[in-house]
>>> print(open('upload-v6.cif').read())   # mmCIF, C-alpha atoms; chains and numbers go by the auth columns
data_entry
loop_
_atom_site.group_PDB
_atom_site.id
_atom_site.type_symbol
_atom_site.label_atom_id
_atom_site.label_comp_id
_atom_site.label_asym_id
_atom_site.label_seq_id
_atom_site.Cartn_x
_atom_site.Cartn_y
_atom_site.Cartn_z
_atom_site.B_iso_or_equiv
_atom_site.auth_seq_id
_atom_site.auth_asym_id
ATOM 1 C CA MET A 1 -130.125 -32.528 -6.902 0.00 1 A
ATOM 2 C CA SER A 2 -128.090 -29.417 -6.146 0.00 2 A
ATOM 3 C CA THR A 3 -129.644 -26.340 -4.581 0.00 3 A
ATOM 4 C CA LEU A 4 -128.535 -22.751 -4.941 0.00 4 A
ATOM 5 C CA PHE A 5 -129.129 -20.850 -1.701 0.00 5 A
ATOM 6 C CA VAL A 6 -129.123 -17.105 -2.380 0.00 6 A
ATOM 7 C CA CYS A 7 -128.919 -14.407 0.267 0.00 7 A
ATOM 8 C CA ILE A 8 -131.794 -12.054 -0.491 0.00 8 A
ATOM 9 C CA THR A 9 -130.760 -9.514 2.142 0.00 9 A
ATOM 10 C CA CYS A 10 -127.323 -8.926 0.573 0.00 10 A
ATOM 11 C CA ARG A 11 -126.389 -5.361 -0.154 0.00 11 A
ATOM 12 C CA ARG A 12 -122.901 -4.379 -1.231 0.00 12 A
ATOM 13 C CA GLU A 13 -121.035 -1.851 0.867 0.00 13 A
ATOM 14 C CA GLY A 14 -121.743 1.612 -0.455 0.00 14 A
ATOM 15 C CA ASP A 15 -124.958 0.614 -2.243 0.00 15 A
ATOM 16 C CA PRO A 16 -127.650 3.226 -1.739 0.00 16 A
ATOM 17 C CA PRO A 17 -130.850 2.032 -0.092 0.00 17 A
ATOM 18 C CA ALA A 18 -133.092 0.473 -2.726 0.00 18 A
ATOM 19 C CA ASP A 19 -136.572 -0.965 -2.874 0.00 19 A
ATOM 20 C CA ILE A 20 -135.090 -4.244 -4.100 0.00 20 A
ATOM 21 C CA ARG A 21 -131.746 -5.279 -2.639 0.00 21 A
ATOM 22 C CA PRO A 22 -129.071 -6.645 -4.975 0.00 22 A
ATOM 23 C CA GLY A 23 -129.343 -10.045 -3.247 0.00 23 A
ATOM 24 C CA ALA A 24 -133.054 -10.217 -4.035 0.00 24 A
ATOM 25 C CA ARG A 25 -132.282 -9.246 -7.649 0.00 25 A
ATOM 26 C CA LEU A 26 -129.645 -12.004 -7.791 0.00 26 A
ATOM 27 C CA TYR A 27 -132.164 -14.529 -6.465 0.00 27 A
ATOM 28 C CA ALA A 28 -134.801 -13.513 -9.040 0.00 28 A
ATOM 29 C CA ALA A 29 -132.306 -13.682 -11.908 0.00 29 A
ATOM 30 C CA LEU A 30 -130.962 -17.088 -10.826 0.00 30 A
ATOM 31 C CA LYS A 31 -134.486 -18.452 -10.348 0.00 31 A
ATOM 32 C CA ALA A 32 -135.364 -17.331 -13.890 0.00 32 A
ATOM 33 C CA GLU A 33 -132.233 -18.875 -15.467 0.00 33 A
ATOM 34 C CA ALA A 34 -131.590 -22.016 -13.398 0.00 34 A
ATOM 35 C CA GLY A 35 -133.971 -24.440 -15.115 0.00 35 A
ATOM 36 C CA ASP A 36 -133.634 -27.767 -13.294 0.00 36 A
ATOM 37 C CA ILE A 37 -131.478 -26.324 -10.486 0.00 37 A
ATOM 38 C CA ASP A 38 -133.419 -25.640 -7.286 0.00 38 A
ATOM 39 C CA VAL A 39 -132.974 -22.005 -6.174 0.00 39 A
ATOM 40 C CA GLN A 40 -133.938 -21.051 -2.631 0.00 40 A
ATOM 41 C CA PRO A 41 -133.888 -17.644 -0.931 0.00 41 A
ATOM 42 C CA VAL A 42 -132.260 -17.320 2.496 0.00 42 A
ATOM 43 C CA GLU A 43 -132.247 -14.365 4.858 0.00 43 A
ATOM 44 C CA CYS A 44 -128.485 -14.210 5.428 0.00 44 A
ATOM 45 C CA LEU A 45 -125.334 -16.195 4.645 0.00 45 A
ATOM 46 C CA SER A 46 -123.216 -14.043 7.032 0.00 46 A
ATOM 47 C CA ASN A 47 -120.846 -12.946 4.294 0.00 47 A
ATOM 48 C CA CYS A 48 -121.815 -9.287 4.284 0.00 48 A
ATOM 49 C CA THR A 49 -118.375 -7.874 3.504 0.00 49 A
ATOM 50 C CA ARG A 50 -118.266 -9.961 0.302 0.00 50 A
ATOM 51 C CA SER A 51 -121.875 -9.767 -0.828 0.00 51 A
ATOM 52 C CA CYS A 52 -123.825 -10.701 -2.879 0.00 52 A
ATOM 53 C CA THR A 53 -123.461 -14.332 -1.829 0.00 53 A
ATOM 54 C CA ALA A 54 -124.824 -17.723 -2.842 0.00 54 A
ATOM 55 C CA ALA A 55 -124.103 -21.296 -1.772 0.00 55 A
ATOM 56 C CA VAL A 56 -124.347 -24.489 -3.830 0.00 56 A
ATOM 57 C CA ALA A 57 -125.221 -27.595 -1.817 0.00 57 A
ATOM 58 C CA ALA A 58 -126.657 -31.104 -2.088 0.00 58 A
ATOM 59 C CA PRO A 59 -127.048 -34.023 0.318 0.00 59 A
ATOM 60 C CA GLY A 60 -123.817 -36.001 0.594 0.00 60 A
ATOM 61 C CA LYS A 61 -121.831 -33.419 -1.397 0.00 61 A
ATOM 62 C CA TRP A 62 -119.385 -30.646 -0.639 0.00 62 A
ATOM 63 C CA THR A 63 -120.963 -27.188 -0.318 0.00 63 A
ATOM 64 C CA TYR A 64 -119.430 -24.087 -1.910 0.00 64 A
ATOM 65 C CA VAL A 65 -120.038 -20.504 -0.792 0.00 65 A
ATOM 66 C CA VAL A 66 -119.354 -17.877 -3.462 0.00 66 A
ATOM 67 C CA GLY A 67 -119.260 -14.127 -2.908 0.00 67 A
ATOM 68 C CA HIS A 68 -118.897 -10.831 -4.756 0.00 68 A
ATOM 69 C CA LEU A 69 -121.719 -11.832 -7.101 0.00 69 A
ATOM 70 C CA ASP A 70 -123.162 -9.137 -9.328 0.00 70 A
ATOM 71 C CA PRO A 71 -126.814 -9.794 -10.240 0.00 71 A
ATOM 72 C CA ASP A 72 -126.212 -8.179 -13.634 0.00 72 A
ATOM 73 C CA ARG A 73 -123.065 -10.139 -14.549 0.00 73 A
ATOM 74 C CA ASN A 74 -122.586 -13.395 -12.630 0.00 74 A
ATOM 75 C CA VAL A 75 -125.863 -15.293 -13.063 0.00 75 A
ATOM 76 C CA PRO A 76 -124.551 -17.463 -15.944 0.00 76 A
ATOM 77 C CA ASP A 77 -121.428 -18.257 -13.874 0.00 77 A
ATOM 78 C CA MET A 78 -123.437 -19.505 -10.914 0.00 78 A
ATOM 79 C CA VAL A 79 -125.880 -21.502 -13.045 0.00 79 A
ATOM 80 C CA HIS A 80 -122.962 -23.165 -14.844 0.00 80 A
ATOM 81 C CA PHE A 81 -121.226 -23.922 -11.541 0.00 81 A
ATOM 82 C CA ALA A 82 -124.431 -25.339 -10.023 0.00 82 A
ATOM 83 C CA ARG A 83 -124.771 -27.662 -13.027 0.00 83 A
ATOM 84 C CA LEU A 84 -121.155 -28.840 -12.569 0.00 84 A
ATOM 85 C CA HIS A 85 -121.880 -29.435 -8.889 0.00 85 A
ATOM 86 C CA GLN A 86 -125.056 -31.335 -9.688 0.00 86 A
ATOM 87 C CA ALA A 87 -123.241 -33.570 -12.212 0.00 87 A
ATOM 88 C CA SER A 88 -120.482 -34.407 -9.729 0.00 88 A
ATOM 89 C CA ALA A 89 -120.878 -37.448 -7.474 0.00 89 A
ATOM 90 C CA ASP A 90 -119.352 -35.691 -4.459 0.00 90 A
ATOM 91 C CA GLY A 91 -119.810 -32.013 -5.332 0.00 91 A
ATOM 92 C CA LEU A 92 -116.109 -31.540 -6.031 0.00 92 A
ATOM 93 C CA THR A 93 -115.561 -29.970 -9.414 0.00 93 A
ATOM 94 C CA ALA A 94 -112.329 -29.496 -11.330 0.00 94 A
ATOM 95 C CA TRP A 95 -110.938 -26.048 -10.606 0.00 95 A
ATOM 96 C CA ARG A 96 -110.237 -25.343 -14.280 0.00 96 A
ATOM 97 C CA ASP A 97 -113.873 -26.155 -15.198 0.00 97 A
ATOM 98 C CA ARG A 98 -115.309 -23.577 -12.811 0.00 98 A
ATOM 99 C CA PRO A 99 -116.162 -20.119 -14.142 0.00 99 A
ATOM 100 C CA VAL A 100 -113.389 -17.602 -13.434 0.00 100 A
ATOM 101 C CA HIS A 101 -115.564 -15.587 -11.045 0.00 101 A
ATOM 102 C CA VAL A 102 -116.280 -18.715 -9.008 0.00 102 A
ATOM 103 C CA ARG A 103 -112.576 -19.649 -8.921 0.00 103 A
ATOM 104 C CA LYS A 104 -111.592 -16.208 -7.653 0.00 104 A
ATOM 105 C CA ASN A 105 -114.480 -15.659 -5.234 0.00 105 A
ATOM 106 C CA THR A 106 -115.099 -18.965 -3.490 0.00 106 A
ATOM 107 C CA ILE A 107 -115.342 -18.050 0.184 0.00 107 A
ATOM 108 C CA ALA A 108 -115.579 -21.563 1.600 0.00 108 A
ATOM 109 C CA ARG A 109 -115.800 -25.208 0.678 0.00 109 A
ATOM 110 C CA VAL A 110 -117.638 -27.166 3.379 0.00 110 A
ATOM 111 C CA PRO A 111 -117.488 -30.963 3.644 0.00 111 A
ATOM 112 C CA PRO A 112 -120.705 -32.951 3.504 0.00 112 A
ATOM 113 C CA MET A 113 -122.411 -33.867 6.749 0.00 113 A
ATOM 114 C CA PRO A 114 -121.827 -37.499 7.674 0.00 114 A
ATOM 115 C CA ILE A 115 -124.754 -39.792 7.001 0.00 115 A
ATOM 116 C CA VAL A 116 -126.078 -41.032 10.312 0.00 116 A
ATOM 117 C CA LYS A 117 -127.723 -44.404 10.098 0.00 117 A
ATOM 118 C CA GLU A 118 -130.548 -45.216 12.443 0.00 118 A
ATOM 119 C CA PRO A 119 -129.935 -48.274 14.629 0.00 119 A
ATOM 120 C CA SER A 120 -131.666 -51.358 13.294 0.00 120 A
#
>>> encode(input="upload-v6.cif", output="structure tokens")
Amino acid sequence: MSTLFVCITCRREGDPPADIRPGARLYAALKAEAGDIDVQPVECLSNCTRSCTAAVAAPGKWTYVVGHLDPDRNVPDMVHFARLHQASADGLTAWRDRPVHVRKNTIARVPPMPIVKEPS
């Protein structure tokens, strides 16, 4: 199962102080729309210059970090991408199948951690 990790502390440069940060709004909107996709809040994804930011990850799969997310416009893009990721055996999705915003704003693609087997 894929998980969407959403930075809830994200605030875009120039945003006025607000009671609810844009990252927290993005998390709430994704949580409401994601259905069977697990959505988890995180304190920081260290991508502040390109916030709002979310990462899509799953055990044994590639992880993608996506930035410049607008909580009012990009929720369907991230839910669609998370579903593509979840359906993929290794997390790699065809570039042309990804939403345009994801294609243009992928910050990083991180390989899966190797599976370490316990000695028998």
>>> residues_around(input="upload-v6.cif", residues="Ala108 in chain A", least_positions_apart="6", cutoff="9 Å", atoms="all atoms listed in the file", output="PDB file with C-alpha atoms, in the coordinates of the input")
ATOM      1  CA  THR A  63    -120.963 -27.188  -0.318  1.00  0.00           C
ATOM      2  CA  TYR A  64    -119.430 -24.087  -1.910  1.00  0.00           C
ATOM      3  CA  VAL A  65    -120.038 -20.504  -0.792  1.00  0.00           C
ATOM      4  CA  VAL A  66    -119.354 -17.877  -3.462  1.00  0.00           C
TER       5      VAL A  66
END
>>> atom_distance(input="upload-v6.cif", atom1="CA of Met78 in chain A", atom2="CA of His101 in chain A")
8.8 Å
>>> closest_residue(input="upload-v6.cif", among="A:Glu13, A:Val100, A:Ala54, A:Asn74", to="Val39 in chain A", atoms="all atoms listed in the file")
A:Ala54
>>> residues_around(input="upload-v6.cif", residues="Glu33 in chain A", least_positions_apart="3", cutoff="8 Å", atoms="all atoms listed in the file", output="VMD selection string")
chain A and resid 29 to 30 75 to 76 79
>>> write_last_selection(input="upload-v6.cif", atoms="C-alpha atoms", output="PDB file, in the coordinates of the input")
ATOM      1  CA  ALA A  29    -132.306 -13.682 -11.908  1.00  0.00           C
ATOM      2  CA  LEU A  30    -130.962 -17.088 -10.826  1.00  0.00           C
ATOM      3  CA  VAL A  75    -125.863 -15.293 -13.063  1.00  0.00           C
ATOM      4  CA  PRO A  76    -124.551 -17.463 -15.944  1.00  0.00           C
ATOM      5  CA  VAL A  79    -125.880 -21.502 -13.045  1.00  0.00           C
TER       6      VAL A  79
END
>>> residues_near_point(input="upload-v6.cif", point="(-121.6, -9.0, 4.0)", cutoff="12 Å", atoms="all atoms listed in the file", output="list in words")
Cys7, Ile8, Thr9, Cys10, Arg11, Arg12, Glu13, Gly14, Asp15, Pro22, Gly23, Glu43, Cys44, Leu45, Ser46, Asn47, Cys48, Thr49, Arg50, Ser51, Cys52, Thr53, Ala54, Val66, Gly67, His68, Leu69 and Ile107 of chain A
>>> decode(input="upload-v6.cif", residues="range 23-58 of chain A", atoms="N, CA and C atoms", output="mmCIF file, in the first residue's frame")
data_model
loop_
_atom_site.group_PDB
_atom_site.id
_atom_site.type_symbol
_atom_site.label_atom_id
_atom_site.label_comp_id
_atom_site.auth_asym_id
_atom_site.auth_seq_id
_atom_site.Cartn_x
_atom_site.Cartn_y
_atom_site.Cartn_z
ATOM 1 N N GLY A 23 0.224 23.833 4.062
ATOM 2 C CA GLY A 23 0.559 22.405 4.144
ATOM 3 C C GLY A 23 -0.480 21.623 4.930
ATOM 4 N N ALA A 24 -0.975 22.204 6.006
ATOM 5 C CA ALA A 24 -2.016 21.547 6.800
ATOM 6 C C ALA A 24 -3.324 21.477 6.004
ATOM 7 N N ARG A 25 -3.602 22.510 5.214
ATOM 8 C CA ARG A 25 -4.790 22.482 4.344
ATOM 9 C C ARG A 25 -4.647 21.397 3.278
ATOM 10 N N LEU A 26 -3.434 21.272 2.714
ATOM 11 C CA LEU A 26 -3.176 20.229 1.717
ATOM 12 C C LEU A 26 -3.383 18.852 2.332
ATOM 13 N N TYR A 27 -2.857 18.646 3.527
ATOM 14 C CA TYR A 27 -3.040 17.359 4.211
ATOM 15 C C TYR A 27 -4.527 17.053 4.398
ATOM 16 N N ALA A 28 -5.289 18.004 4.913
ATOM 17 C CA ALA A 28 -6.719 17.781 5.164
ATOM 18 C C ALA A 28 -7.463 17.457 3.869
ATOM 19 N N ALA A 29 -7.138 18.171 2.798
ATOM 20 C CA ALA A 29 -7.816 17.932 1.524
ATOM 21 C C ALA A 29 -7.451 16.561 0.952
ATOM 22 N N LEU A 30 -6.172 16.185 1.041
ATOM 23 C CA LEU A 30 -5.759 14.867 0.550
ATOM 24 C C LEU A 30 -6.387 13.755 1.382
ATOM 25 N N LYS A 31 -6.409 13.925 2.684
ATOM 26 C CA LYS A 31 -7.013 12.924 3.577
ATOM 27 C C LYS A 31 -8.487 12.715 3.206
ATOM 28 N N ALA A 32 -9.182 13.802 2.896
ATOM 29 C CA ALA A 32 -10.606 13.718 2.556
ATOM 30 C C ALA A 32 -10.844 13.049 1.204
ATOM 31 N N GLU A 33 -9.906 13.178 0.268
ATOM 32 C CA GLU A 33 -10.103 12.685 -1.098
ATOM 33 C C GLU A 33 -9.411 11.360 -1.409
ATOM 34 N N ALA A 34 -8.510 10.907 -0.565
ATOM 35 C CA ALA A 34 -7.613 9.799 -0.925
ATOM 36 C C ALA A 34 -8.248 8.420 -0.887
ATOM 37 N N GLY A 35 -9.356 8.246 -0.212
ATOM 38 C CA GLY A 35 -9.986 6.921 -0.162
ATOM 39 C C GLY A 35 -9.062 5.873 0.431
ATOM 40 N N ASP A 36 -8.648 4.894 -0.388
ATOM 41 C CA ASP A 36 -7.841 3.788 0.111
ATOM 42 C C ASP A 36 -6.354 4.107 0.210
ATOM 43 N N ILE A 37 -5.931 5.306 -0.131
ATOM 44 C CA ILE A 37 -4.536 5.707 -0.004
ATOM 45 C C ILE A 37 -4.323 6.227 1.418
ATOM 46 N N ASP A 38 -3.288 5.716 2.073
ATOM 47 C CA ASP A 38 -2.938 6.176 3.416
ATOM 48 C C ASP A 38 -2.310 7.563 3.311
ATOM 49 N N VAL A 39 -2.785 8.518 4.096
ATOM 50 C CA VAL A 39 -2.242 9.876 4.099
ATOM 51 C C VAL A 39 -1.766 10.177 5.511
ATOM 52 N N GLN A 40 -0.477 10.548 5.619
ATOM 53 C CA GLN A 40 0.121 10.797 6.921
ATOM 54 C C GLN A 40 0.742 12.187 6.979
ATOM 55 N N PRO A 41 0.496 12.922 8.076
ATOM 56 C CA PRO A 41 1.137 14.229 8.220
ATOM 57 C C PRO A 41 2.576 14.062 8.700
ATOM 58 N N VAL A 42 3.456 14.938 8.229
ATOM 59 C CA VAL A 42 4.833 14.983 8.735
ATOM 60 C C VAL A 42 5.171 16.440 9.034
ATOM 61 N N GLU A 43 6.099 16.643 9.944
ATOM 62 C CA GLU A 43 6.447 17.993 10.363
ATOM 63 C C GLU A 43 7.237 18.763 9.311
ATOM 64 N N CYS A 44 8.086 18.104 8.532
ATOM 65 C CA CYS A 44 8.867 18.833 7.545
ATOM 66 C C CYS A 44 9.481 17.848 6.553
ATOM 67 N N LEU A 45 9.437 18.190 5.282
ATOM 68 C CA LEU A 45 10.107 17.404 4.243
ATOM 69 C C LEU A 45 11.332 18.145 3.706
ATOM 70 N N SER A 46 11.737 19.218 4.372
ATOM 71 C CA SER A 46 12.943 19.997 4.024
ATOM 72 C C SER A 46 12.959 20.426 2.560
ATOM 73 N N ASN A 47 11.843 20.890 2.087
ATOM 74 C CA ASN A 47 11.725 21.376 0.718
ATOM 75 C C ASN A 47 11.051 22.748 0.732
ATOM 76 N N CYS A 48 11.433 23.557 1.692
ATOM 77 C CA CYS A 48 10.735 24.803 1.984
ATOM 78 C C CYS A 48 10.683 25.780 0.818
ATOM 79 N N THR A 49 11.703 25.814 -0.018
ATOM 80 C CA THR A 49 11.684 26.766 -1.128
ATOM 81 C C THR A 49 10.730 26.347 -2.231
ATOM 82 N N ARG A 50 10.245 25.087 -2.168
ATOM 83 C CA ARG A 50 9.313 24.594 -3.196
ATOM 84 C C ARG A 50 8.058 24.008 -2.557
ATOM 85 N N SER A 51 7.628 24.630 -1.449
ATOM 86 C CA SER A 51 6.454 24.099 -0.762
ATOM 87 C C SER A 51 5.196 24.530 -1.507
ATOM 88 N N CYS A 52 4.134 23.867 -1.227
ATOM 89 C CA CYS A 52 3.830 22.748 -0.349
ATOM 90 C C CYS A 52 4.375 21.446 -0.966
ATOM 91 N N THR A 53 4.699 20.495 -0.108
ATOM 92 C CA THR A 53 5.378 19.287 -0.551
ATOM 93 C C THR A 53 4.719 18.042 0.015
ATOM 94 N N ALA A 54 4.734 16.982 -0.810
ATOM 95 C CA ALA A 54 4.256 15.669 -0.383
ATOM 96 C C ALA A 54 5.176 14.619 -0.989
ATOM 97 N N ALA A 55 5.221 13.459 -0.357
ATOM 98 C CA ALA A 55 6.000 12.328 -0.864
ATOM 99 C C ALA A 55 5.085 11.115 -0.956
ATOM 100 N N VAL A 56 5.302 10.301 -1.994
ATOM 101 C CA VAL A 56 4.553 9.057 -2.166
ATOM 102 C C VAL A 56 5.557 7.923 -1.998
ATOM 103 N N ALA A 57 5.259 7.010 -1.058
ATOM 104 C CA ALA A 57 6.202 5.935 -0.751
ATOM 105 C C ALA A 57 5.461 4.645 -0.425
ATOM 106 N N ALA A 58 6.194 3.531 -0.543
ATOM 107 C CA ALA A 58 5.683 2.219 -0.140
ATOM 108 C C ALA A 58 6.888 1.302 0.036
#
